[in-house]
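Following: one structure in structure tokens, then a few remarks.
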Amino acid sequence: MVTIETALTCYHCGEDCKDEVIRRDDKVFCCEGCKLVFEILQENNLCSYYQYNASPGQSPKGRFLEEKYAFLDDDQVRKKLVNFTDGKYTTINFYIPHMHCSSCIWLLEHLSRINSAVVRSQVNFLKRETIVVFEEQKISLRQVVEMLTMIGYEPVINLNDLENRQAAPKNRTRIYKIGIAGFAFGNIMLFSFPEYFSLSDYIDPGFKGVFSYINLALSLPVFFYCSSQFFVSAFASLKQKFLNIDVPIALGILVMFVRSLLEIATATGAGYLDTMSGLVFFMLLGRMFQDKTYETLSFERDYKSFFPIAVMCRKEGRETSVPVSQLKIGDRILIRNEELVPADAVLIKGSAQIDYSFVTGESIPVERKSGELIYAGGKQKGALVELEVVKEVSQSYLTQLWNKDAYLQKHDDGKFQQLVNQISHYFTFVIVGLSLLALGFWFLQGDHLRGWNAFTAVLIIACPCALAISSPFTLGNILRIFGRNEFYLKNFAVIEKLAKISTIVFDKTGTLTHNNSASVNFHGDPLTEEETLKVRSLVHQSSHPLSQLIFKSIKGSSLKLVNDYMEIPGEGLSGNVSDSKVRLGSAAFTATAIEYTSDKDLTTRVFLSINNLPRGYFSFKNNYREGLVELVEYLKRKKFELVVLSGDNEGEKKYLSKVFGTQASILFRQTPANKLKAIQELQQDGKHVLMIGDGLNDAGALKQSDVGISISDDINNFSPACDAILNAGKFRWLGSILAISRASHRIILGSFVIALGYNFIGLYFAMQGTLSPVIAAILMPISSISIIAFTTGMSNFIARR
């Protein structure tokens, strides 16, 4: 009797236990490292990790060396690696190439259960990146890296790239593979001409054999090198007990190569090496085209124009507005109360109270003194400060912060995307079954050649790639159109939410009205030149539209130091200027006497008191944004419910009622809490609410609404609570934005129908055996091109219309 030894596979990583076999309970491990990882997971109740896939882990053996990461204890190295630290929480982004499946994502997003000092971890699977936020006082950066290494996910840390991370070398492997496959395809066709024209009977048998073996030699690099990615992907899929789209492609390539090898070896035919090489060549071209299109659509939105906000820079004694994308190291920037710090910078003047809730989630301000570093994403709480930029703006980092909540919440996919995901999941099983059915049918008919053609053509033509890209390409192209027209979205989900909007809520000041053009007049006791300068110095600290209008209305260049600055949303601002207590805001906030508030001619007013003595008020005659009347008429025709929430008095009720009509709800004297409550009440009535504001006094309402749009002029008024940013100059196009969002579903449906049509027509001819595998390989990328052309054309057509 012959004893057959069965190789034992590791319970954690799935590798064969060659050198040693380590047992724990009823489980087998290939090394102490894998057993240790399993024990860590078991101790922390994380063994459901193994329920996602069989043997999902990575073996850590040979990866951990004593003192390997000692260099991470160096402060200079650490400062270059971390994205943010406030002494308590530290954020860092790791590149982890070993993650490969849902189990990896699950484990890496549950690091906090392995070590409680890890506050949060978020995975970007497409980029193989993991953001880790940890408590610096409980665990060091070195210990975090060692922990990742011990569980089999060693991050790549290349110190040579620290100074210039953008200079990453391009991977030209696919280009080389396309070149080799194309060269082999062309030459194999050249040597196969006698077969194509039925001239093989007129050629010496010796030459015929030589041509066949030359073709075989040319096909070897195509099979073993150029097509390797299909086999690697298919093998990884099968290992996880799942069939991805590369399984039928790899199977078709394998069948053609093995059959060709047998025919040449037995001198019974020339084989299908030309078909195999052509298939690989066109498949690689199609993949490259798809990847290039994704890059062109900027799916990750790391382009310079992403944030339309600007920041005030001080150059040669003058203050100028500069887009954050144009900030350079050494620039001096001015950050007012509630403004975001767009880049890592050192505090030069003023006392900073930095709120890092945008980064860490904690809203308690951290005091920073002159000479200390302030990280990008912090928000100033208090008087104006001057900073010097020490690191260029990272658009991807700011975008990442903006989408932080998207990692913590599970957004529902659209109905079409859910359908696509379900079809793609079962598609491969159906296709493999149909290919075997076609093969069996034609073999039973005695037509073996037609059977093999049908078998391979079905495997290749019916690829769910076109189905899978229908939704993301449509949404991606619409995202690009919006970006070109200065409407910037947080993520794709916002488009689908915009398509469902039924109610639109407008803030008034800074949203319906211009921030930069309104007539400002002072009513009350005449102010001295010194008092006027004090008022100008106080409002210079604030980014509120009314504060900016007052500042611009007071001529001059000098400013006084403001101490104990305070700004209360919806009420006003105060500060000590040259030993005088200056307050600006509502009548209640400034304790203004009743005679200043009883004027029948109600207008937008900001009251002033100095040393608790009422001095009068600033009145504003607002200029409404161009196109407001046309926009409101369009929205009323489209049956949107319209609401206006204003913190001002009823001075402009008559005009707003004329513009919005009697059906609209127009509410005045609304505090931030009132605005939030109004949004909640609308949602409780089943309304899908769009809130449009400036992000200053309405951040809570923006966050509560289904979609919050922040209007941006030329100041740094970006609100992390919003879902989108609209350049104020494009306000009139809001109706077109909603129309395009609603049309996105119809475009997705159309592309979905096109993709299914290509597959059904291709399947019909492939199963007939009349479609060659090479033609199938050409048609597959054509279907993807058709989807891209359709989504691009329709999106652009609707946008122009």
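By convention in this document, the chains of the structure tokens carry letters A, B, ... by their order, each chain's residues are numbered from 1, and ligands are numbered from 1 in the order they are shown.
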Need to verify the contact set: His688 of chain A, 10 Å, only C-alpha atoms, exclusion of same-chain residues closer than 4 positions in sequence. Can you return it as a VMD selection string?
chain A and resid 497 to 504 679 682 to 684 705 to 707
Helix (DSSP H, G or I) per DSSP on the backbone: members of segment 496-669 of chain A, as a ChimeraX atom specification
/A:496-498,529-539,545-553,587-590,594-596,628-637,650-660
Those residues you just picked out, can you put them in a file as a compact mmCIF listing (two decimals), in the first residue's frame with C-alpha atoms?
# COMPACT_ATOMS: atom_id res chain seq x y z
CA GLU A 496 -27.25 60.57 -5.97
CA LYS A 497 -28.47 62.49 -2.93
CA LEU A 498 -28.87 65.66 -5.02
CA GLU A 529 -11.29 108.89 14.05
CA GLU A 530 -9.87 106.85 16.94
CA GLU A 531 -13.18 105.05 17.54
CA THR A 532 -13.57 104.33 13.84
CA LEU A 533 -10.11 102.75 13.82
CA LYS A 534 -11.09 100.59 16.81
CA VAL A 535 -14.19 99.35 14.97
CA ARG A 536 -12.13 98.64 11.85
CA SER A 537 -9.57 96.67 13.88
CA LEU A 538 -12.29 94.58 15.53
CA VAL A 539 -14.17 93.60 12.35
CA PRO A 545 -19.83 88.81 5.45
CA LEU A 546 -21.22 91.78 7.41
CA SER A 547 -17.94 92.24 9.27
CA GLN A 548 -16.09 92.26 5.98
CA LEU A 549 -18.48 94.84 4.52
CA ILE A 550 -17.94 97.15 7.51
CA PHE A 551 -14.17 96.68 7.24
CA LYS A 552 -14.15 97.61 3.55
CA SER A 553 -16.39 100.64 4.14
CA ALA A 587 -29.28 94.84 19.74
CA ALA A 588 -29.43 92.35 22.61
CA PHE A 589 -25.75 91.47 22.32
CA THR A 590 -24.68 95.12 22.45
CA ILE A 594 -34.74 100.79 22.23
CA GLU A 595 -34.70 104.04 20.26
CA TYR A 596 -32.19 102.53 17.84
CA LEU A 628 -31.52 84.97 -8.32
CA VAL A 629 -34.96 85.75 -9.80
CA GLU A 630 -34.43 83.42 -12.79
CA LEU A 631 -33.12 80.66 -10.51
CA VAL A 632 -36.11 80.85 -8.16
CA GLU A 633 -38.54 80.83 -11.11
CA TYR A 634 -36.86 77.70 -12.48
CA LEU A 635 -36.99 75.95 -9.10
CA LYS A 636 -40.68 76.80 -8.70
CA ARG A 637 -41.44 75.38 -12.16
CA GLU A 650 -37.80 91.49 8.43
CA GLY A 651 -36.45 94.54 6.60
CA GLU A 652 -36.36 92.75 3.23
CA LYS A 653 -39.38 90.53 3.67
CA LYS A 654 -41.34 92.41 1.01
CA TYR A 655 -38.67 91.92 -1.65
CA LEU A 656 -38.03 88.26 -0.77
CA SER A 657 -41.77 87.51 -0.77
CA LYS A 658 -42.01 89.02 -4.25
CA VAL A 659 -39.10 86.87 -5.53
CA PHE A 660 -39.98 83.57 -3.82
Tell me which protein, DNA and RNA residues are within 7 Å of Ile92 of chain A, counting only C-alpha atoms, leaving out same-chain ones fewer than 4 positions away, and put them as a ChimeraX atom specification.
/A:81-83,131-133
Can you write out the residues you just picked, keeping N, CA and C atoms, as a PDB file, in the first residue's frame?
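Contents of the output file again11.pdb:
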ATOM      1  N   LEU A  81       7.207  61.959   8.718  1.00  0.00           N
ATOM      2  CA  LEU A  81       6.269  60.891   8.371  1.00  0.00           C
ATOM      3  C   LEU A  81       4.827  61.211   8.754  1.00  0.00           C
ATOM      4  N   VAL A  82       4.614  61.839   9.920  1.00  0.00           N
ATOM      5  CA  VAL A  82       3.252  62.015  10.409  1.00  0.00           C
ATOM      6  C   VAL A  82       2.542  63.129   9.652  1.00  0.00           C
ATOM      7  N   ASN A  83       1.233  62.969   9.507  1.00  0.00           N
ATOM      8  CA  ASN A  83       0.408  63.997   8.878  1.00  0.00           C
ATOM      9  C   ASN A  83      -0.022  65.058   9.877  1.00  0.00           C
ATOM     10  N   ILE A 131      -4.939  54.840   7.007  1.00  0.00           N
ATOM     11  CA  ILE A 131      -4.745  55.977   7.895  1.00  0.00           C
ATOM     12  C   ILE A 131      -4.931  55.491   9.325  1.00  0.00           C
ATOM     13  N   VAL A 132      -3.954  55.741  10.172  1.00  0.00           N
ATOM     14  CA  VAL A 132      -4.011  55.311  11.570  1.00  0.00           C
ATOM     15  C   VAL A 132      -3.935  56.535  12.469  1.00  0.00           C
ATOM     16  N   VAL A 133      -4.898  56.665  13.376  1.00  0.00           N
ATOM     17  CA  VAL A 133      -4.886  57.717  14.391  1.00  0.00           C
ATOM     18  C   VAL A 133      -4.667  57.038  15.732  1.00  0.00           C
TER      19      VAL A 133
END
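Going from atom CA of Ser646 of chain A over to atom CA of Lys621 of chain A, you cover 15.2 Å.
When atom CA of Ala724 of chain A is paired with atom CA of Phe492 of chain A, their separation reads 10.8 Å.
Distance-wise, atom CA of Val582 of chain A and atom CA of Glu567 of chain A end up 11.9 Å apart.
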Contact residues around segment 430-446 of chain A with only C-alpha atoms at 9 Å, ignoring same-chain residues under 4 positions, as a compact mmCIF listing (two decimals) with N, CA, C and O atoms, in the first residue's frame:
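Below you can see around-v6.txt, which holds the result:
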# COMPACT_ATOMS: atom_id res chain seq x y z
N VAL A 247 -10.86 35.05 -14.09
CA VAL A 247 -10.87 33.58 -14.14
C VAL A 247 -11.19 33.07 -15.54
O VAL A 247 -10.45 32.24 -16.09
N PRO A 248 -12.29 33.50 -16.18
CA PRO A 248 -12.56 32.99 -17.53
C PRO A 248 -11.50 33.42 -18.55
O PRO A 248 -11.21 32.68 -19.49
N TYR A 426 -22.24 37.18 -9.81
CA TYR A 426 -22.63 35.86 -10.32
C TYR A 426 -22.32 35.68 -11.79
O TYR A 426 -22.52 34.59 -12.34
N ARG A 450 -15.03 24.29 -34.08
CA ARG A 450 -16.05 25.27 -33.74
C ARG A 450 -16.32 25.26 -32.23
O ARG A 450 -16.60 26.30 -31.62
N GLY A 451 -16.25 24.07 -31.63
CA GLY A 451 -16.45 23.97 -30.18
C GLY A 451 -15.41 24.73 -29.41
O GLY A 451 -15.72 25.46 -28.46
N TRP A 452 -14.10 24.56 -29.82
CA TRP A 452 -13.04 25.28 -29.12
C TRP A 452 -13.18 26.79 -29.34
O TRP A 452 -12.96 27.59 -28.41
N ASN A 453 -13.54 27.20 -30.54
CA ASN A 453 -13.75 28.63 -30.81
C ASN A 453 -14.87 29.19 -29.93
O ASN A 453 -14.75 30.28 -29.35
N ALA A 454 -15.97 28.44 -29.85
CA ALA A 454 -17.10 28.89 -29.04
C ALA A 454 -16.72 28.96 -27.56
O ALA A 454 -17.06 29.92 -26.86
N PHE A 455 -15.98 27.94 -27.10
CA PHE A 455 -15.59 27.88 -25.69
C PHE A 455 -14.74 29.10 -25.30
O PHE A 455 -15.04 29.79 -24.31
N THR A 456 -13.71 29.37 -26.07
CA THR A 456 -12.81 30.49 -25.74
C THR A 456 -13.47 31.84 -25.98
O THR A 456 -13.27 32.79 -25.20
N ALA A 457 -14.25 31.97 -27.05
CA ALA A 457 -14.89 33.25 -27.36
C ALA A 457 -15.90 33.64 -26.29
O ALA A 457 -15.99 34.82 -25.91
N VAL A 458 -16.67 32.65 -25.78
CA VAL A 458 -17.64 32.95 -24.72
C VAL A 458 -16.93 33.43 -23.46
O VAL A 458 -17.36 34.37 -22.79
N LEU A 459 -15.81 32.78 -23.11
CA LEU A 459 -15.06 33.17 -21.92
C LEU A 459 -14.57 34.62 -22.00
O LEU A 459 -14.46 35.31 -20.99
N ALA A 462 -17.92 37.78 -22.90
CA ALA A 462 -18.90 38.08 -21.86
C ALA A 462 -18.19 38.48 -20.57
O ALA A 462 -18.17 37.74 -19.60
N CYS A 463 -17.59 39.65 -20.58
CA CYS A 463 -16.86 40.15 -19.41
C CYS A 463 -17.68 41.25 -18.75
O CYS A 463 -18.19 42.14 -19.44
N LEU A 763 -22.45 37.11 -26.89
CA LEU A 763 -22.68 35.73 -26.45
C LEU A 763 -23.38 34.92 -27.54
O LEU A 763 -23.06 33.74 -27.76
N ALA A 766 -20.84 34.15 -30.20
CA ALA A 766 -19.77 33.32 -29.65
C ALA A 766 -20.23 31.87 -29.48
O ALA A 766 -19.50 30.93 -29.82
N MET A 767 -21.43 31.66 -29.00
CA MET A 767 -21.92 30.30 -28.80
C MET A 767 -22.22 29.61 -30.12
O MET A 767 -22.25 28.37 -30.19
N GLN A 768 -22.43 30.40 -31.18
CA GLN A 768 -22.60 29.82 -32.52
C GLN A 768 -21.27 29.34 -33.07
O GLN A 768 -21.23 28.61 -34.07
N GLY A 769 -20.16 29.77 -32.43
CA GLY A 769 -18.85 29.38 -32.93
C GLY A 769 -18.41 30.21 -34.11
O GLY A 769 -17.41 29.87 -34.76
If you run DSSP on this backbone, which residues of segment 503-698 of chain A come out as strand (DSSP E or B), and could you give them as JSON, numbers by chain?
{"A": [503, 504, 505, 506, 507, 513, 514, 515, 516, 517, 518, 519, 520, 521, 522, 523, 524, 542, 562, 563, 564, 565, 566, 567, 568, 572, 573, 574, 575, 576, 577, 580, 581, 582, 583, 584, 585, 604, 605, 606, 607, 608, 609, 610, 613, 614, 615, 616, 617, 618, 619, 620, 621, 622, 623, 624, 641, 642, 643, 644, 645, 665, 666, 667, 689, 690, 691, 692, 693]}
Contacts of segment 220-225 of chain A within 9 Å, only C-alpha atoms, excl. fewer than 6 positions in-chain, as number ranges by chain:
A: 177, 180-181, 184-185, 253-254, 257, 276-277, 280-281
Could you save those same residues with all heavy atoms as a tab-separated table (two decimals), in the first residue's frame?
chain	number	residue	atom	x	y	z
A	177	LYS	N	4.77	44.83	-21.28
A	177	LYS	CA	3.97	43.65	-21.63
A	177	LYS	C	3.21	43.88	-22.94
A	177	LYS	O	3.13	42.98	-23.79
A	177	LYS	CB	3.00	43.31	-20.50
A	177	LYS	CG	3.67	42.74	-19.26
A	177	LYS	CD	2.64	42.38	-18.20
A	177	LYS	CE	3.32	41.72	-17.01
A	177	LYS	NZ	2.34	41.34	-15.96
A	180	ILE	N	5.75	43.64	-25.84
A	180	ILE	CA	6.16	42.26	-26.13
A	180	ILE	C	5.02	41.49	-26.79
A	180	ILE	O	5.21	40.77	-27.78
A	180	ILE	CB	6.62	41.57	-24.84
A	180	ILE	CG1	7.92	42.22	-24.33
A	180	ILE	CG2	6.84	40.07	-25.08
A	180	ILE	CD1	8.33	41.74	-22.95
A	181	ALA	N	3.80	41.64	-26.23
A	181	ALA	CA	2.65	40.92	-26.79
A	181	ALA	C	2.36	41.38	-28.22
A	181	ALA	O	2.06	40.56	-29.10
A	181	ALA	CB	1.43	41.12	-25.90
A	184	ALA	N	5.09	39.92	-30.54
A	184	ALA	CA	4.88	38.49	-30.77
A	184	ALA	C	3.65	38.25	-31.64
A	184	ALA	O	3.67	37.41	-32.56
A	184	ALA	CB	4.73	37.77	-29.43
A	185	PHE	N	2.58	39.00	-31.39
A	185	PHE	CA	1.34	38.84	-32.16
A	185	PHE	C	1.59	39.11	-33.65
A	185	PHE	O	1.19	38.33	-34.53
A	185	PHE	CB	0.29	39.80	-31.61
A	185	PHE	CG	-1.01	39.80	-32.36
A	185	PHE	CD1	-1.62	38.62	-32.75
A	185	PHE	CD2	-1.64	41.00	-32.68
A	185	PHE	CE1	-2.82	38.62	-33.43
A	185	PHE	CE2	-2.84	41.01	-33.36
A	185	PHE	CZ	-3.44	39.82	-33.74
A	253	ILE	N	-7.00	31.62	-22.08
A	253	ILE	CA	-5.59	31.69	-22.50
A	253	ILE	C	-4.92	30.33	-22.29
A	253	ILE	O	-4.18	29.83	-23.15
A	253	ILE	CB	-4.86	32.78	-21.70
A	253	ILE	CG1	-5.41	34.17	-22.08
A	253	ILE	CG2	-3.36	32.73	-21.96
A	253	ILE	CD1	-4.89	35.29	-21.20
A	254	LEU	N	-5.19	29.71	-21.14
A	254	LEU	CA	-4.58	28.42	-20.83
A	254	LEU	C	-5.02	27.35	-21.82
A	254	LEU	O	-4.19	26.56	-22.33
A	254	LEU	CB	-4.95	28.01	-19.40
A	254	LEU	CG	-4.40	26.67	-18.92
A	254	LEU	CD1	-2.87	26.71	-18.87
A	254	LEU	CD2	-4.97	26.31	-17.55
A	257	PHE	N	-3.29	27.89	-25.23
A	257	PHE	CA	-1.85	27.58	-25.22
A	257	PHE	C	-1.62	26.08	-25.15
A	257	PHE	O	-0.79	25.53	-25.91
A	257	PHE	CB	-1.18	28.27	-24.04
A	257	PHE	CG	0.30	28.04	-23.97
A	257	PHE	CD1	1.17	28.70	-24.83
A	257	PHE	CD2	0.84	27.12	-23.08
A	257	PHE	CE1	2.54	28.47	-24.79
A	257	PHE	CE2	2.20	26.89	-23.02
A	257	PHE	CZ	3.05	27.57	-23.88
A	276	MET	N	-4.08	33.49	-29.23
A	276	MET	CA	-3.73	33.70	-27.83
A	276	MET	C	-2.95	35.01	-27.67
A	276	MET	O	-3.23	35.82	-26.77
A	276	MET	CB	-2.90	32.53	-27.32
A	276	MET	CG	-2.57	32.63	-25.83
A	276	MET	SD	-1.10	31.70	-25.37
A	276	MET	CE	0.19	32.74	-26.07
A	277	SER	N	-1.95	35.24	-28.52
A	277	SER	CA	-1.14	36.46	-28.42
A	277	SER	C	-1.97	37.70	-28.69
A	277	SER	O	-1.83	38.73	-28.01
A	277	SER	CB	0.04	36.38	-29.41
A	277	SER	OG	0.84	35.26	-29.15
A	280	VAL	N	-4.18	38.43	-25.58
A	280	VAL	CA	-3.43	39.07	-24.49
A	280	VAL	C	-3.12	40.52	-24.84
A	280	VAL	O	-3.26	41.42	-24.01
A	280	VAL	CB	-2.14	38.28	-24.20
A	280	VAL	CG1	-1.28	39.02	-23.18
A	280	VAL	CG2	-2.48	36.88	-23.70
A	281	PHE	N	-2.73	40.76	-26.10
A	281	PHE	CA	-2.38	42.11	-26.54
A	281	PHE	C	-3.57	43.06	-26.39
A	281	PHE	O	-3.46	44.14	-25.80
A	281	PHE	CB	-1.90	42.06	-27.99
A	281	PHE	CG	-1.63	43.41	-28.60
A	281	PHE	CD1	-0.58	44.20	-28.15
A	281	PHE	CD2	-2.43	43.88	-29.63
A	281	PHE	CE1	-0.33	45.44	-28.71
A	281	PHE	CE2	-2.19	45.12	-30.20
A	281	PHE	CZ	-1.13	45.90	-29.73
